[in-house]
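Shown below: structure-v4.cif, with mmCIF, C-alpha atoms.
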```
data_query
loop_
_atom_site.label_atom_id
_atom_site.label_comp_id
_atom_site.auth_asym_id
_atom_site.auth_seq_id
_atom_site.Cartn_x
_atom_site.Cartn_y
_atom_site.Cartn_z
CA MET A 1 -90.24 -70.82 108.36
CA PRO A 2 -87.53 -68.19 108.41
CA THR A 3 -84.69 -70.75 108.64
CA GLN A 4 -85.68 -72.30 105.33
CA LYS A 5 -85.92 -68.87 103.74
CA VAL A 6 -82.34 -68.09 104.80
CA GLN A 7 -81.12 -71.39 103.36
CA ILE A 8 -82.68 -70.58 100.01
CA ILE A 9 -81.06 -67.16 99.93
CA GLU A 10 -77.68 -68.67 100.78
CA ARG A 11 -78.03 -71.23 98.04
CA ILE A 12 -78.79 -68.48 95.53
CA LEU A 13 -75.74 -66.50 96.63
CA ASP A 14 -73.56 -69.64 96.37
CA ALA A 15 -74.73 -70.17 92.80
CA ASN A 16 -74.06 -66.52 92.02
CA ASP A 17 -70.57 -66.72 93.53
CA ASN A 18 -69.76 -69.79 91.43
CA VAL A 19 -70.67 -67.99 88.22
CA ALA A 20 -68.84 -64.86 89.42
CA LYS A 21 -65.69 -66.97 89.83
CA GLN A 22 -66.06 -68.26 86.26
CA VAL A 23 -66.46 -64.71 84.94
CA GLU A 24 -63.45 -63.52 86.92
CA ASP A 25 -61.30 -66.41 85.66
CA ARG A 26 -62.27 -65.66 82.08
CA LEU A 27 -61.41 -61.97 82.44
CA THR A 28 -58.13 -62.77 84.24
CA GLN A 29 -57.11 -65.21 81.49
CA ALA A 30 -57.81 -62.51 78.90
CA LYS A 31 -55.65 -60.09 81.00
CA ILE A 32 -58.59 -57.72 81.38
CA PHE A 33 -58.72 -55.75 84.63
CA ALA A 34 -62.40 -55.31 85.52
CA ILE A 35 -63.96 -52.84 87.93
CA ASN A 36 -67.52 -52.75 89.32
CA ILE A 37 -68.78 -49.20 89.86
CA MET A 38 -71.57 -48.86 92.41
CA ALA A 39 -73.39 -45.73 93.61
CA SER A 40 -76.71 -44.08 94.32
CA PRO A 41 -78.73 -42.88 91.35
CA GLY A 42 -77.23 -39.57 90.27
CA ALA A 43 -73.89 -39.81 92.11
CA GLY A 44 -72.15 -39.43 88.77
CA LYS A 45 -71.31 -43.00 87.68
CA THR A 46 -71.73 -42.34 83.98
CA SER A 47 -69.92 -38.99 84.12
CA VAL A 48 -66.97 -40.58 85.94
CA ILE A 49 -66.89 -43.42 83.40
CA LEU A 50 -66.93 -41.04 80.43
CA LYS A 51 -64.17 -38.86 81.88
CA THR A 52 -62.13 -41.94 82.82
CA ILE A 53 -62.38 -43.21 79.25
CA GLN A 54 -61.30 -39.83 77.88
CA SER A 55 -58.32 -39.86 80.26
CA LEU A 56 -57.15 -43.35 79.26
CA VAL A 57 -57.72 -43.76 75.51
CA PRO A 58 -55.95 -44.39 73.21
CA GLU A 59 -53.20 -45.59 75.59
CA TYR A 60 -55.56 -48.18 77.08
CA LYS A 61 -58.27 -50.24 75.35
CA ILE A 62 -61.52 -50.05 77.28
CA ALA A 63 -64.93 -51.73 77.18
CA VAL A 64 -68.01 -50.92 79.24
CA ILE A 65 -70.96 -52.96 80.52
CA GLU A 66 -73.93 -50.79 81.49
CA GLY A 67 -76.45 -52.16 83.99
CA ASP A 68 -79.87 -50.51 83.82
CA THR A 69 -83.11 -51.39 85.54
CA ALA A 70 -85.15 -50.06 82.61
CA ALA A 71 -84.81 -50.63 78.86
CA VAL A 72 -83.03 -47.37 78.16
CA THR A 73 -79.71 -46.96 76.38
CA ILE A 74 -78.98 -43.39 77.56
CA ASP A 75 -75.71 -44.33 79.28
CA ALA A 76 -74.60 -46.98 76.77
CA ASP A 77 -75.15 -44.47 73.95
CA LYS A 78 -72.91 -41.92 75.67
CA VAL A 79 -70.12 -44.51 75.99
CA SER A 80 -70.52 -45.68 72.40
CA ALA A 81 -70.24 -42.07 71.25
CA LEU A 82 -66.64 -42.14 72.55
CA GLY A 83 -65.85 -45.07 70.25
CA VAL A 84 -65.67 -47.58 73.10
CA PRO A 85 -67.56 -50.90 72.92
CA ALA A 86 -70.54 -50.85 75.28
CA VAL A 87 -72.92 -53.67 76.22
CA GLN A 88 -76.18 -52.74 77.88
CA ILE A 89 -77.75 -55.15 80.37
CA ASN A 90 -81.40 -54.48 81.14
CA THR A 91 -82.06 -56.13 84.52
CA GLY A 92 -85.82 -56.06 83.88
CA GLY A 93 -86.61 -54.10 87.03
CA GLN A 94 -84.05 -55.89 89.21
CA CYS A 95 -82.11 -53.67 91.59
CA HIS A 96 -78.59 -54.98 90.89
CA LEU A 97 -76.45 -56.85 88.39
CA ASP A 98 -75.68 -60.50 89.13
CA ALA A 99 -73.00 -62.87 87.85
CA VAL A 100 -75.22 -64.52 85.23
CA MET A 101 -76.06 -61.14 83.70
CA MET A 102 -72.34 -60.33 83.72
CA GLN A 103 -71.52 -63.64 82.06
CA GLN A 104 -73.88 -62.74 79.23
CA GLY A 105 -72.48 -59.22 79.02
CA VAL A 106 -68.90 -60.50 78.85
CA ALA A 107 -69.89 -63.05 76.20
CA ALA A 108 -71.10 -60.19 74.01
CA LEU A 109 -67.65 -58.54 74.03
CA ASP A 110 -64.57 -59.27 71.93
CA LEU A 111 -62.09 -59.98 74.74
CA SER A 112 -59.00 -60.14 72.55
CA ASP A 113 -57.96 -56.51 72.87
CA ILE A 114 -59.21 -54.96 76.14
CA ASP A 115 -57.09 -53.66 79.04
CA LEU A 116 -59.89 -52.39 81.24
CA LEU A 117 -63.53 -53.42 81.59
CA ILE A 118 -65.69 -50.89 83.42
CA VAL A 119 -69.03 -52.17 84.73
CA GLU A 120 -71.65 -49.61 85.71
CA ASN A 121 -73.93 -51.34 88.19
CA VAL A 122 -77.57 -50.33 88.75
CA GLY A 123 -77.94 -47.09 90.75
CA ASN A 124 -78.52 -48.45 94.24
CA LEU A 125 -76.56 -48.19 97.48
CA ILE A 126 -77.86 -51.45 99.00
CA CYS A 127 -78.44 -54.50 96.78
CA PRO A 128 -75.33 -54.44 94.51
CA ALA A 129 -73.18 -54.91 97.63
CA SER A 130 -74.54 -58.46 98.07
CA PHE A 131 -73.79 -59.80 94.60
CA LYS A 132 -70.33 -60.58 93.26
CA ILE A 133 -70.18 -60.17 89.50
CA GLY A 134 -66.67 -61.39 88.72
CA THR A 135 -64.79 -58.08 88.62
CA HIS A 136 -61.36 -57.57 90.23
CA ALA A 137 -62.12 -54.39 92.17
CA ASN A 138 -65.22 -52.74 93.59
CA VAL A 139 -65.52 -48.98 93.37
CA VAL A 140 -68.10 -46.79 95.11
CA ILE A 141 -68.86 -43.25 94.00
CA SER A 142 -70.34 -41.03 96.68
CA SER A 143 -71.34 -37.45 95.97
CA ILE A 144 -71.44 -34.34 98.12
CA PRO A 145 -75.20 -33.64 97.69
CA GLU A 146 -76.06 -37.09 99.10
CA GLY A 147 -74.97 -35.90 102.53
CA ASP A 148 -72.22 -36.78 104.98
CA ASP A 149 -74.20 -39.41 106.94
CA LYS A 150 -74.37 -42.05 104.21
CA PRO A 151 -71.54 -44.31 105.54
CA TYR A 152 -73.45 -44.54 108.82
CA LYS A 153 -76.72 -45.51 107.10
CA TYR A 154 -75.68 -47.67 104.15
CA THR A 155 -72.85 -49.56 105.77
CA ASN A 156 -72.52 -52.70 103.62
CA ILE A 157 -71.64 -51.01 100.36
CA TYR A 158 -68.50 -49.42 101.84
CA ARG A 159 -67.14 -52.68 103.26
CA GLY A 160 -66.02 -54.75 100.28
CA ILE A 161 -64.56 -52.02 98.09
CA GLU A 162 -61.02 -51.13 96.97
CA VAL A 163 -61.54 -47.46 96.22
CA LEU A 164 -63.99 -44.68 97.01
CA LEU A 165 -64.50 -41.63 94.83
CA ILE A 166 -66.13 -38.61 96.47
CA ASN A 167 -67.61 -36.78 93.50
CA LYS A 168 -69.08 -33.28 93.02
CA VAL A 169 -66.65 -31.51 95.38
CA ASP A 170 -67.36 -28.39 93.28
CA LEU A 171 -70.69 -28.21 95.18
CA LEU A 172 -69.02 -28.09 98.63
CA PRO A 173 -69.46 -24.29 98.95
CA TYR A 174 -73.25 -24.64 98.58
CA ILE A 175 -73.92 -27.69 100.77
CA ASP A 176 -73.41 -28.49 104.45
CA PHE A 177 -71.10 -31.49 104.15
CA ARG A 178 -68.63 -32.39 106.91
CA MET A 179 -65.86 -34.22 105.04
CA ASP A 180 -64.22 -35.35 108.30
CA TYR A 181 -67.48 -36.87 109.57
CA PHE A 182 -68.06 -38.66 106.27
CA LYS A 183 -64.51 -40.06 106.15
CA GLN A 184 -64.66 -41.17 109.81
CA GLY A 185 -67.75 -43.21 108.97
CA VAL A 186 -65.97 -44.87 106.05
CA GLU A 187 -62.80 -45.49 108.11
CA ILE A 188 -64.78 -47.55 110.66
CA LEU A 189 -66.13 -49.80 107.88
CA ASN A 190 -63.06 -50.00 105.66
CA PRO A 191 -59.84 -48.81 107.36
CA GLY A 192 -57.27 -47.25 105.09
CA LEU A 193 -59.52 -47.31 102.04
CA ALA A 194 -58.05 -45.49 99.01
CA THR A 195 -60.23 -42.38 98.69
CA PHE A 196 -60.19 -39.62 96.09
CA GLU A 197 -62.08 -36.34 96.29
CA LEU A 198 -62.86 -35.13 92.80
CA SER A 199 -65.20 -33.23 90.54
CA CYS A 200 -66.21 -34.57 87.15
CA LYS A 201 -67.43 -31.10 86.24
CA THR A 202 -64.21 -29.15 86.95
CA GLY A 203 -61.76 -32.06 86.66
CA ASP A 204 -60.31 -31.29 90.11
CA GLY A 205 -58.72 -34.35 91.73
CA PHE A 206 -59.45 -36.56 88.74
CA GLU A 207 -55.79 -37.23 87.88
CA ASP A 208 -55.20 -39.00 91.23
CA TRP A 209 -57.98 -41.49 90.48
CA ILE A 210 -56.57 -42.05 86.99
CA GLU A 211 -53.09 -42.63 88.46
CA TRP A 212 -54.53 -45.20 90.90
CA LEU A 213 -56.32 -46.95 88.05
CA LYS A 214 -53.26 -47.00 85.76
CA THR A 215 -51.15 -48.46 88.58
CA ARG A 216 -53.72 -51.18 89.24
CA ILE A 217 -53.95 -52.08 85.56
CA THR A 218 -50.14 -52.30 85.34
CA LEU A 219 -49.88 -54.46 88.50
CA PHE A 220 -52.65 -56.70 87.16
CA LYS A 221 -50.90 -57.22 83.81
CA GLN A 222 -47.67 -58.17 85.64
CA GLN A 223 -49.35 -60.93 87.65
CA MET B 1 -87.63 -73.08 85.81
CA PRO B 2 -88.37 -69.38 85.42
CA THR B 3 -92.16 -69.90 85.49
CA GLN B 4 -92.01 -71.38 88.98
CA LYS B 5 -89.78 -68.54 90.15
CA VAL B 6 -92.32 -65.98 88.95
CA GLN B 7 -95.12 -67.82 90.77
CA ILE B 8 -93.19 -67.71 94.05
CA ILE B 9 -92.54 -63.99 93.69
CA GLU B 10 -96.21 -63.36 92.94
CA ARG B 11 -97.25 -65.35 95.99
CA ILE B 12 -94.91 -63.31 98.21
CA LEU B 13 -96.32 -60.07 96.81
CA ASP B 14 -99.87 -61.35 97.39
CA ALA B 15 -99.07 -62.06 101.04
CA ASN B 16 -97.50 -58.61 101.37
CA ASP B 17 -100.55 -56.97 99.77
CA ASN B 18 -102.88 -58.76 102.19
CA VAL B 19 -100.99 -57.45 105.20
CA ALA B 20 -100.76 -53.99 103.58
CA LYS B 21 -104.56 -53.97 103.29
CA GLN B 22 -104.87 -54.80 107.02
CA VAL B 23 -102.46 -51.99 107.93
CA GLU B 24 -104.35 -49.54 105.70
CA ASP B 25 -107.71 -50.54 107.22
CA ARG B 26 -106.36 -50.05 110.71
CA LEU B 27 -104.99 -46.59 109.90
CA THR B 28 -108.20 -45.62 108.10
CA GLN B 29 -110.34 -46.68 111.06
CA ALA B 30 -108.13 -44.57 113.32
CA LYS B 31 -108.61 -41.63 110.88
CA ILE B 32 -104.86 -41.41 110.34
CA PHE B 33 -103.77 -40.26 106.89
CA ALA B 34 -100.52 -42.08 106.08
CA ILE B 35 -97.92 -41.24 103.45
CA ASN B 36 -95.00 -43.33 102.19
CA ILE B 37 -91.96 -41.23 101.28
CA MET B 38 -89.56 -42.83 98.81
CA ALA B 39 -86.35 -41.44 97.31
CA SER B 40 -82.70 -42.08 96.52
CA PRO B 41 -80.25 -41.88 99.40
CA GLY B 42 -79.58 -38.21 100.03
CA ALA B 43 -82.53 -36.72 98.11
CA GLY B 44 -83.63 -35.04 101.33
CA LYS B 45 -86.29 -37.34 102.79
CA THR B 46 -85.45 -36.60 106.42
CA SER B 47 -85.03 -32.86 105.80
CA VAL B 48 -88.43 -32.70 104.07
CA ILE B 49 -90.02 -34.66 106.93
CA LEU B 50 -88.51 -32.40 109.61
CA LYS B 51 -89.60 -29.24 107.80
CA THR B 52 -93.07 -30.71 107.16
CA ILE B 53 -93.46 -31.47 110.87
CA GLN B 54 -92.37 -27.92 111.78
CA SER B 55 -94.95 -26.54 109.32
CA LEU B 56 -97.84 -28.62 110.67
CA VAL B 57 -97.45 -28.82 114.48
CA PRO B 58 -99.20 -28.05 116.78
CA GLU B 59 -102.24 -27.78 114.44
CA TYR B 60 -101.80 -31.41 113.37
CA LYS B 61 -100.68 -34.41 115.42
CA ILE B 62 -97.95 -36.31 113.60
CA ALA B 63 -96.09 -39.61 114.02
CA VAL B 64 -93.18 -40.94 111.98
CA ILE B 65 -91.95 -44.41 111.07
CA GLU B 66 -88.31 -44.44 109.96
CA GLY B 67 -87.10 -47.28 107.73
CA ASP B 68 -83.35 -47.85 107.82
CA THR B 69 -81.24 -50.60 106.33
CA ALA B 70 -78.71 -50.33 109.19
CA ALA B 71 -79.17 -50.15 112.96
CA VAL B 72 -78.77 -46.39 113.21
CA THR B 73 -81.22 -43.97 114.77
CA ILE B 74 -79.83 -40.78 113.18
CA ASP B 75 -83.12 -39.91 111.46
CA ALA B 76 -85.43 -41.14 114.22
CA ASP B 77 -83.46 -39.07 116.75
CA LYS B 78 -83.92 -35.93 114.63
CA VAL B 79 -87.69 -36.51 114.53
CA SER B 80 -87.89 -37.25 118.28
CA ALA B 81 -86.03 -34.01 118.97
CA LEU B 82 -89.08 -32.20 117.54
CA GLY B 83 -91.31 -33.86 120.14
CA VAL B 84 -92.97 -36.15 117.60
CA PRO B 85 -93.30 -39.90 118.25
CA ALA B 86 -90.90 -41.83 116.01
CA VAL B 87 -90.56 -45.58 115.49
CA GLN B 88 -87.43 -46.88 113.85
CA ILE B 89 -87.58 -50.02 111.72
CA ASN B 90 -84.23 -51.63 111.01
CA THR B 91 -84.74 -53.75 107.89
CA GLY B 92 -81.59 -55.77 108.63
CA GLY B 93 -79.95 -54.98 105.31
CA GLN B 94 -83.16 -55.24 103.28
CA CYS B 95 -83.57 -52.64 100.59
CA HIS B 96 -87.18 -51.62 101.29
CA LEU B 97 -89.92 -51.63 103.92
CA ASP B 98 -92.64 -54.25 103.57
CA ALA B 99 -96.14 -54.52 105.02
CA VAL B 100 -95.16 -56.84 107.91
CA MET B 101 -92.50 -54.38 109.08
CA MET B 102 -95.09 -51.59 108.82
CA GLN B 103 -97.59 -53.64 110.82
CA GLN B 104 -95.02 -53.90 113.62
CA GLY B 105 -94.19 -50.21 113.36
CA VAL B 106 -97.85 -49.21 113.55
CA ALA B 107 -98.37 -51.55 116.53
CA ALA B 108 -95.68 -49.62 118.40
CA LEU B 109 -97.60 -46.33 118.06
CA ASP B 110 -100.47 -44.93 120.13
CA LEU B 111 -103.01 -44.44 117.32
CA SER B 112 -105.58 -42.56 119.39
CA ASP B 113 -104.38 -39.05 118.60
CA ILE B 114 -102.60 -38.89 115.22
CA ASP B 115 -103.71 -36.97 112.12
CA LEU B 116 -100.78 -37.77 109.88
CA LEU B 117 -98.37 -40.72 109.80
CA ILE B 118 -95.24 -40.10 107.76
CA VAL B 119 -93.25 -43.17 106.72
CA GLU B 120 -89.67 -42.70 105.54
CA ASN B 121 -88.87 -45.69 103.37
CA VAL B 122 -85.32 -46.99 102.82
CA GLY B 123 -83.27 -44.79 100.47
CA ASN B 124 -83.67 -46.65 97.19
CA LEU B 125 -85.26 -45.71 93.87
CA ILE B 126 -86.10 -49.28 92.81
CA CYS B 127 -87.27 -51.84 95.39
CA PRO B 128 -89.70 -49.77 97.52
CA ALA B 129 -91.87 -49.30 94.39
CA SER B 130 -92.77 -53.01 94.44
CA PHE B 131 -94.00 -53.27 98.02
CA LYS B 132 -97.26 -51.79 99.31
CA ILE B 133 -97.00 -50.93 102.99
CA GLY B 134 -100.56 -49.84 103.78
CA THR B 135 -100.23 -46.07 103.42
CA HIS B 136 -102.83 -43.90 101.64
CA ALA B 137 -100.48 -41.96 99.38
CA ASN B 138 -97.05 -42.54 97.87
CA VAL B 139 -94.65 -39.62 97.65
CA VAL B 140 -91.36 -39.49 95.74
CA ILE B 141 -88.70 -36.90 96.46
CA SER B 142 -86.32 -36.24 93.58
CA SER B 143 -83.45 -33.80 93.90
CA ILE B 144 -81.68 -31.59 91.40
CA PRO B 145 -78.16 -33.10 91.89
CA GLU B 146 -79.46 -36.57 90.93
CA GLY B 147 -79.82 -35.37 87.34
CA ASP B 148 -82.67 -34.85 84.92
CA ASP B 149 -82.61 -38.33 83.36
CA LYS B 150 -83.86 -40.27 86.39
CA PRO B 151 -87.51 -40.67 85.24
CA TYR B 152 -86.20 -42.32 82.09
CA LYS B 153 -83.98 -44.75 84.02
CA TYR B 154 -85.96 -45.58 87.18
CA THR B 155 -89.42 -45.72 85.68
CA ASN B 156 -91.39 -47.84 88.18
CA ILE B 157 -91.01 -45.57 91.18
CA TYR B 158 -92.78 -42.66 89.41
CA ARG B 159 -95.80 -44.73 88.35
CA GLY B 160 -97.79 -45.44 91.50
CA ILE B 161 -97.35 -42.12 93.29
CA GLU B 162 -99.73 -39.28 94.16
CA VAL B 163 -97.20 -36.47 94.49
CA LEU B 164 -93.64 -35.67 93.46
CA LEU B 165 -91.40 -33.23 95.29
CA ILE B 166 -88.41 -31.87 93.36
CA ASN B 167 -86.04 -30.86 96.13
CA LYS B 168 -82.84 -28.78 96.25
CA VAL B 169 -83.93 -26.23 93.61
CA ASP B 170 -81.49 -23.84 95.34
CA LEU B 171 -78.72 -25.81 93.56
CA LEU B 172 -80.16 -25.17 90.07
CA PRO B 173 -77.65 -22.36 89.32
CA TYR B 174 -74.73 -24.75 89.86
CA ILE B 175 -75.97 -27.88 88.08
CA ASP B 176 -77.00 -28.68 84.51
CA PHE B 177 -80.58 -29.79 85.06
CA ARG B 178 -83.22 -29.46 82.34
CA MET B 179 -86.47 -29.16 84.32
CA ASP B 180 -88.60 -29.55 81.16
CA TYR B 181 -86.83 -32.78 80.20
CA PHE B 182 -87.22 -34.19 83.72
CA LYS B 183 -90.93 -33.31 83.87
CA GLN B 184 -91.58 -34.73 80.39
CA GLY B 185 -90.15 -38.04 81.58
CA VAL B 186 -92.44 -38.05 84.60
CA GLU B 187 -95.49 -37.01 82.52
CA ILE B 188 -95.12 -40.10 80.31
CA LEU B 189 -95.17 -42.37 83.37
CA ASN B 190 -97.74 -40.53 85.49
CA PRO B 191 -99.76 -37.95 83.55
CA GLY B 192 -100.94 -34.93 85.51
CA LEU B 193 -98.99 -35.90 88.64
CA ALA B 194 -99.05 -33.23 91.36
CA THR B 195 -95.49 -31.87 91.39
CA PHE B 196 -93.87 -29.28 93.64
CA GLU B 197 -90.46 -27.70 93.12
CA LEU B 198 -89.00 -26.75 96.47
CA SER B 199 -85.91 -26.26 98.58
CA CYS B 200 -85.70 -27.52 102.12
CA LYS B 201 -82.71 -25.27 102.65
CA THR B 202 -84.29 -21.94 101.61
CA GLY B 203 -87.94 -22.91 102.14
CA ASP B 204 -88.84 -21.85 98.58
CA GLY B 205 -91.93 -23.64 97.30
CA PHE B 206 -92.47 -25.51 100.54
CA GLU B 207 -95.83 -23.87 101.34
CA ASP B 208 -97.45 -25.40 98.21
CA TRP B 209 -96.53 -28.90 99.35
CA ILE B 210 -97.89 -28.15 102.84
CA GLU B 211 -101.15 -26.83 101.31
CA TRP B 212 -101.49 -30.02 99.25
CA LEU B 213 -100.89 -32.13 102.35
CA LYS B 214 -103.37 -30.17 104.52
CA THR B 215 -106.04 -30.51 101.83
CA ARG B 216 -105.46 -34.26 101.58
CA ILE B 217 -105.67 -34.69 105.37
CA THR B 218 -108.93 -32.69 105.48
CA LEU B 219 -110.47 -34.67 102.59
CA PHE B 220 -109.41 -37.90 104.26
CA LYS B 221 -111.01 -36.95 107.59
CA GLN B 222 -114.28 -36.13 105.77
CA GLN B 223 -114.54 -39.55 104.13
#
```

Here is a file; write its structure as structure tokens.
Amino acid sequence: MPTQKVQIIERILDANDNVAKQVEDRLTQAKIFAINIMASPGAGKTSVILKTIQSLVPEYKIAVIEGDTAAVTIDADKVSALGVPAVQINTGGQCHLDAVMMQQGVAALDLSDIDLLIVENVGNLICPASFKIGTHANVVISSIPEGDDKPYKYTNIYRGIEVLLINKVDLLPYIDFRMDYFKQGVEILNPGLATFELSCKTGDGFEDWIEWLKTRITLFKQQ
Amino acid sequence: MPTQKVQIIERILDANDNVAKQVEDRLTQAKIFAINIMASPGAGKTSVILKTIQSLVPEYKIAVIEGDTAAVTIDADKVSALGVPAVQINTGGQCHLDAVMMQQGVAALDLSDIDLLIVENVGNLICPASFKIGTHANVVISSIPEGDDKPYKYTNIYRGIEVLLINKVDLLPYIDFRMDYFKQGVEILNPGLATFELSCKTGDGFEDWIEWLKTRITLFKQQ
């Protein structure tokens, strides 16, 4: 009975959205701007997060929630090494974070002195797009080696996002990647999307992303 | 009630496994060796498939089933352009192929004259690992730009596979990738796994993979 199956899925998403709203309200009350970073495995989520932290501290207070499908603390350890509080959520094999996991992650943080909460979702270009987790902005990181056809194949993830980072532009000389074709695909799904081409390795283009983020944090605090 | 939830998931996987067994029996009867190719988005699944086809035809008759999460025929069109029958399965947003989709894909093929069926699963390093689809061998393609920590973070996908291709070795000079560390991670999960380092772009190492595949097809035909 496919109809019944659909109803069950919708009910689960409703429940998730309700919890996501609670999480968002809690973060908003605490004046914490929260971003949800989604990407394929290996697009450079952790590298972008580490470099973003280094660009913002000590001016801004930051915390990180790390979503991992396995019980490893590789990424959380790297964040902690920068002196930033990090909570690791092990999804137990699940392919995305959900709002209940986020609620538990947020509960583990001291919310009294944070400007920015960065959430690293599980490395996956499909499932995270379907689950709100209570953040204020969705970010996708694409990377040059993934190829220029990804917006045509993994459409949903590009739709509900506020900013797109195109990482690893230092590899452009060695890879056939048509930037125009890639951006056209994104434009169809999300017209006018804020997009930054950058390289975590060389630092090229990184300051524009940091400027965008600082502006958003400032606007959020003024609300 | 988490216990009930687990029971429902197990029942769904049972049903999937039953259909997967039917698909496998049908392919085995038709003497078609079938492989399930899994990887992150952009690891080079389609490129490996195209180059594998070019290395094997006309000696071997090949068919391809393309799993895509969106209604695009980019990959299927590339395969068809080589004169090989290709069936595209649009999963409708789902993050993996399952056995029922495969059953429909196989039904759309003329099975009377195929030596090798190549299935390109949805680009995802998590969900495809949980769903048997009735193939005889699971293949994972990793790629250098994804980073050397992936076996430590996405453990399940490396467990039930017969061969691992490490693609894009031509990018090794430009990326910090510790091959030993990567392989150690895989060895813990899948000791003695057949592993080939190759580059679709330069062709380096590709002949070893083709040899492995030819041997497996021959052994399969002799069963």

Taking only C-alpha atoms into account, find every residue of chain B that has an atom no more than 7 Å from chain A, and write it out as a VMD selection string. chain B and resid 40 to 43 69 to 70 72 95 124 126 to 127 145 to 147 153 to 155

Would you kindly translate the PyMOL selection byres ((chain A and resi 47-64) around 9) into the concrete residues it picks from this file, as an MDAnalysis selection string? chainID A and resid 37 43:46 65:66 76 78:80 82 84:88 109 113:120 141 167 199:201 203 206:207 209:210 214

Quick one: pull the distance between atom CA of A:Ile217 and atom CA of A:Gly205, Å, one decimal.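 Pair atom CA of A:Ile217 / atom CA of A:Gly205 returns 19.4 Å.
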
Pairwise distance, atom CA of A:Arg159 with atom CA of A:Tyr181, equals 17.0 Å

Would you list the contacts of B:Phe220 as a PyMOL selection string, taking every protein, DNA or RNA residue within 8 Å and counting all atoms listed in the file, but skipping same-chain residues closer than 3 positions in sequence? chain B and resi 31+33+216-217+223

So how many Å separate atom CA of B:Leu165 and atom CA of A:Asp176, to one decimal? 20.7 Å

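Distance check against A:Val106 using all atoms listed in the file: of A:Leu164, A:Val139, A:Val169, A:Val23, the minimum falls on A:Val23.
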
Excluding A:Leu13 and any residue of its chain fewer than 6 positions from it, enumerate the residues within 12 Å of it, using only C-alpha atoms, and give them as a list in words. Val6, Gln7, Val19, Ala20, Asp98, Ala99, Val100, Ala129, Ser130, Phe131, Lys132 and Ile133 of chain A

With C-alpha atoms retained, could you export that selection as a CSV table (one decimal), keeping the file's coordinate frame?
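Final output, result.csv:
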```
chain,number,residue,atom,x,y,z
A,6,VAL,CA,-82.3,-68.1,104.8
A,7,GLN,CA,-81.1,-71.4,103.4
A,19,VAL,CA,-70.7,-68.0,88.2
A,20,ALA,CA,-68.8,-64.9,89.4
A,98,ASP,CA,-75.7,-60.5,89.1
A,99,ALA,CA,-73.0,-62.9,87.8
A,100,VAL,CA,-75.2,-64.5,85.2
A,129,ALA,CA,-73.2,-54.9,97.6
A,130,SER,CA,-74.5,-58.5,98.1
A,131,PHE,CA,-73.8,-59.8,94.6
A,132,LYS,CA,-70.3,-60.6,93.3
A,133,ILE,CA,-70.2,-60.2,89.5
```

I want to know what sits within 7 Å of B:Thr135, based on all atoms listed in the file, with residues of the same chain fewer than 2 positions away left out; could you give that as a PyMOL selection string? chain B and resi 24+34-36+133+137
